[in-house]
Amino acid sequence: MRASRYFIFFYAAMGVLPILTLGIVISMLLQLSSLRIFLGFFAVDIIVFSLLGITELFYREKRIGKNTLKHEKGSYGPMNKINEIKLVIGRFSTQKKELRDSSYIIKTSRFESVLDGLIDVKQTQDPSLSVRYSCRMGICGSCGVVINGKPSLACETNINEVAKKGVVVVEPMQTQPILKDLVTDFDDFFEKHKSVEPILFRKNNKEKMAAINIYDKTQEEVNKFLPFSYCIMCGLCMDACPVVNTNPEFIGPQALAQVYRYKMDSRDQKGEERITAIDKLTGLWGCEFAGACSKACPKGVDPASAIQLLKIATAEEYMKFNNEKNEV
Ligand code: SF4
Ligand code: FES
């Protein structure tokens, strides 16, 4: 209502000056009572431009509604629409050691994420619900859950977009032990990550403590590892991977992508060691190239490609070694 009033005043004000000027000119030409002409023109101005303002406002609101629906495929509804969503949460009871579903009805606006929905449930309906999160903006990687069967970041998933007939199912990640409700234990994940030594390695011991040089890099050199350095360690790729799901010994896509990231960094001097450490069935060769890791990754890291490139690099190393052996 406030906006509409401003529009009407704006249009009325726009018309005042030219119409009053016209009134002055006509009254001077016809030598009439200028006051009456002023008042007449002023009244016409207010009516005409107010009507214009109202019409503009009407079509503007219609236009915004139309664009919104078109842009969002009609799934969220107009700006001010409140959707009612049933949130089915797979909760793990620490006492009974069993997974059970609890359902909650929440009201959501068009911009709300699944994490907003979970926080809403915790704050207004069930404070005993456990959910892990921190940044709420896809950076910390701590809100990973399975949404409608797909490993996803709760804070980056629009709840209206994934609702199927008004229902959203949220479960804890599958490959890690559940601590409570949606919170899983990342210990094994971090152990695997640590095992590949995801740090820049320098042969000179002094450099390990402090840089003794400026390590200039060309953009081309940076591009080789940059996409793989965007990993936020959310663990979604591990959860999506069918091999990790069936063989917990497999090191998994996250750690392997990090091997590739450091191998491609020209500042790193660990060399072949990085490859030989993962040249085993529970390492590089455990990957069956399902590609589910890259599909699940919210940061576009593409671990599946990294693993295949590591396989090629390993095969090349092996051929080089064989050739050298034959020459001797
Ligand atoms: S590679 Fe992607 S999905 Fe896997 S942990 Fe890193 S950010 Fe998450
Ligand atoms: S809360 Fe940080 S990534 Fe979702």
# chains A, B, ... in the order shown; residues from 1 in each chain; ligands from 1
$ residues_around --residues "Ile139 (chain A)" --least-positions-apart "6" --cutoff "12 Å" --atoms "only C-alpha atoms" --output "count of residues only"
12
$ residues_near_ligand --ligand "ligand 1" --cutoff "9 Å" --atoms "only C-alpha atoms and all ligand atoms" --output "PyMOL selection string"
chain A and resi 141+144+151-152+228-240+253-255+257-258+293-303
$ residues_around --residues "Trp285 (chain A)" --least-positions-apart "5" --cutoff "8 Å" --atoms "only C-alpha atoms" --output "VMD selection string"
chain A and resid 279 to 280 311
$ write_last_selection --atoms "C-alpha atoms" --output "compact mmCIF listing (two decimals), in the first residue's frame"
# COMPACT_ATOMS: atom_id res chain seq x y z
CA ASP A 279 48.59 -47.37 -5.86
CA LYS A 280 46.49 -50.16 -4.31
CA LYS A 311 45.17 -43.63 -12.96
$ residues_around --residues "Lys203 (chain A)" --least-positions-apart "2" --cutoff "7 Å" --atoms "only C-alpha atoms" --output "VMD selection string"
chain A and resid 201 205 269
$ write_last_selection --atoms "C-alpha atoms" --output "tab-separated table (two decimals), in the first residue's frame"
chain	number	residue	atom	x	y	z
A	201	PHE	CA	55.67	-30.63	0.65
A	205	ASN	CA	63.56	-28.41	5.71
A	269	GLN	CA	57.95	-31.63	-4.22
$ atom_distance --atom1 "CA of Cys135 (chain A)" --atom2 "CA of Ile82 (chain A)"
25.1 Å
$ residues_around --residues "Gly283 (chain A)" --least-positions-apart "3" --cutoff "6 Å" --atoms "only C-alpha atoms" --output "MDAnalysis selection string"
chainID A and resid 250:251 278 280 286
$ write_last_selection --atoms "C-alpha atoms" --output "PDB file, in the first residue's frame"
ATOM      1  CA  PHE A 250      38.310 -47.724   0.180  1.00  0.00           C
ATOM      2  CA  ILE A 251      39.959 -44.351   0.684  1.00  0.00           C
ATOM      3  CA  ILE A 278      47.522 -44.747  -3.293  1.00  0.00           C
ATOM      4  CA  LYS A 280      46.492 -50.160  -4.307  1.00  0.00           C
ATOM      5  CA  GLY A 286      39.196 -49.291  -5.892  1.00  0.00           C
TER       6      GLY A 286
END
$ residues_around --residues "Ile105 (chain A)" --least-positions-apart "4" --cutoff "10 Å" --atoms "only C-alpha atoms" --output "ChimeraX atom specification"
/A:84-88,117,121,125,166-167
$ write_last_selection --atoms "N, CA and C atoms" --output "PDB file, in the first residue's frame"
ATOM      1  N   GLU A  84       3.053 -24.793   2.680  1.00  0.00           N
ATOM      2  CA  GLU A  84       3.041 -25.710   3.827  1.00  0.00           C
ATOM      3  C   GLU A  84       3.763 -26.979   3.388  1.00  0.00           C
ATOM      4  N   ILE A  85       4.786 -27.355   4.147  1.00  0.00           N
ATOM      5  CA  ILE A  85       5.583 -28.522   3.756  1.00  0.00           C
ATOM      6  C   ILE A  85       5.666 -29.524   4.906  1.00  0.00           C
ATOM      7  N   LYS A  86       5.563 -30.798   4.519  1.00  0.00           N
ATOM      8  CA  LYS A  86       5.721 -31.854   5.531  1.00  0.00           C
ATOM      9  C   LYS A  86       7.171 -32.320   5.483  1.00  0.00           C
ATOM     10  N   LEU A  87       7.858 -32.136   6.602  1.00  0.00           N
ATOM     11  CA  LEU A  87       9.263 -32.522   6.691  1.00  0.00           C
ATOM     12  C   LEU A  87       9.337 -33.868   7.410  1.00  0.00           C
ATOM     13  N   VAL A  88       9.765 -34.903   6.688  1.00  0.00           N
ATOM     14  CA  VAL A  88       9.901 -36.229   7.317  1.00  0.00           C
ATOM     15  C   VAL A  88      11.385 -36.416   7.639  1.00  0.00           C
ATOM     16  N   GLY A 117      14.256 -25.059   7.345  1.00  0.00           N
ATOM     17  CA  GLY A 117      13.139 -25.899   7.799  1.00  0.00           C
ATOM     18  C   GLY A 117      13.517 -26.697   9.039  1.00  0.00           C
ATOM     19  N   VAL A 121      11.932 -26.439  12.831  1.00  0.00           N
ATOM     20  CA  VAL A 121      11.411 -27.561  13.622  1.00  0.00           C
ATOM     21  C   VAL A 121      12.051 -27.558  15.008  1.00  0.00           C
ATOM     22  N   GLN A 125       9.149 -26.701  17.342  1.00  0.00           N
ATOM     23  CA  GLN A 125       8.354 -27.914  17.574  1.00  0.00           C
ATOM     24  C   GLN A 125       9.060 -28.980  18.404  1.00  0.00           C
ATOM     25  N   GLY A 166       4.579 -31.708  -1.718  1.00  0.00           N
ATOM     26  CA  GLY A 166       4.592 -31.066  -0.401  1.00  0.00           C
ATOM     27  C   GLY A 166       5.364 -31.821   0.670  1.00  0.00           C
ATOM     28  N   VAL A 167       6.105 -32.880   0.279  1.00  0.00           N
ATOM     29  CA  VAL A 167       6.835 -33.676   1.282  1.00  0.00           C
ATOM     30  C   VAL A 167       8.338 -33.652   0.991  1.00  0.00           C
TER      31      VAL A 167
END
$ select_by_dssp --residues "region 287-327 of chain A" --states "alpha helix (DSSP H)" --output "PyMOL selection string"
chain A and resi 292-296+303-327
$ closest_residue --among "A:Gly138, A:Gly40, A:Gly252, A:Pro227" --to "ligand 2" --atoms "only C-alpha atoms and all ligand atoms"
A:Gly138
$ atom_distance --atom1 "CA of Pro78 (chain A)" --atom2 "CA of Ser109 (chain A)"
9.6 Å
$ residues_around --residues "Val183 (chain A)" --least-positions-apart "2" --cutoff "6 Å" --atoms "only C-alpha atoms" --output "CSV table (one decimal) with C-alpha atoms, in the first residue's frame"
chain,number,residue,atom,x,y,z
A,131,VAL,CA,21.3,-31.1,13.3
A,132,ARG,CA,24.8,-29.9,12.5
A,179,LEU,CA,25.9,-39.9,16.5
A,180,LYS,CA,22.4,-38.6,16.8
A,181,ASP,CA,19.5,-37.8,14.4
$ atom_distance --atom1 "CA of Glu197 (chain A)" --atom2 "CA of Glu317 (chain A)"
20.3 Å
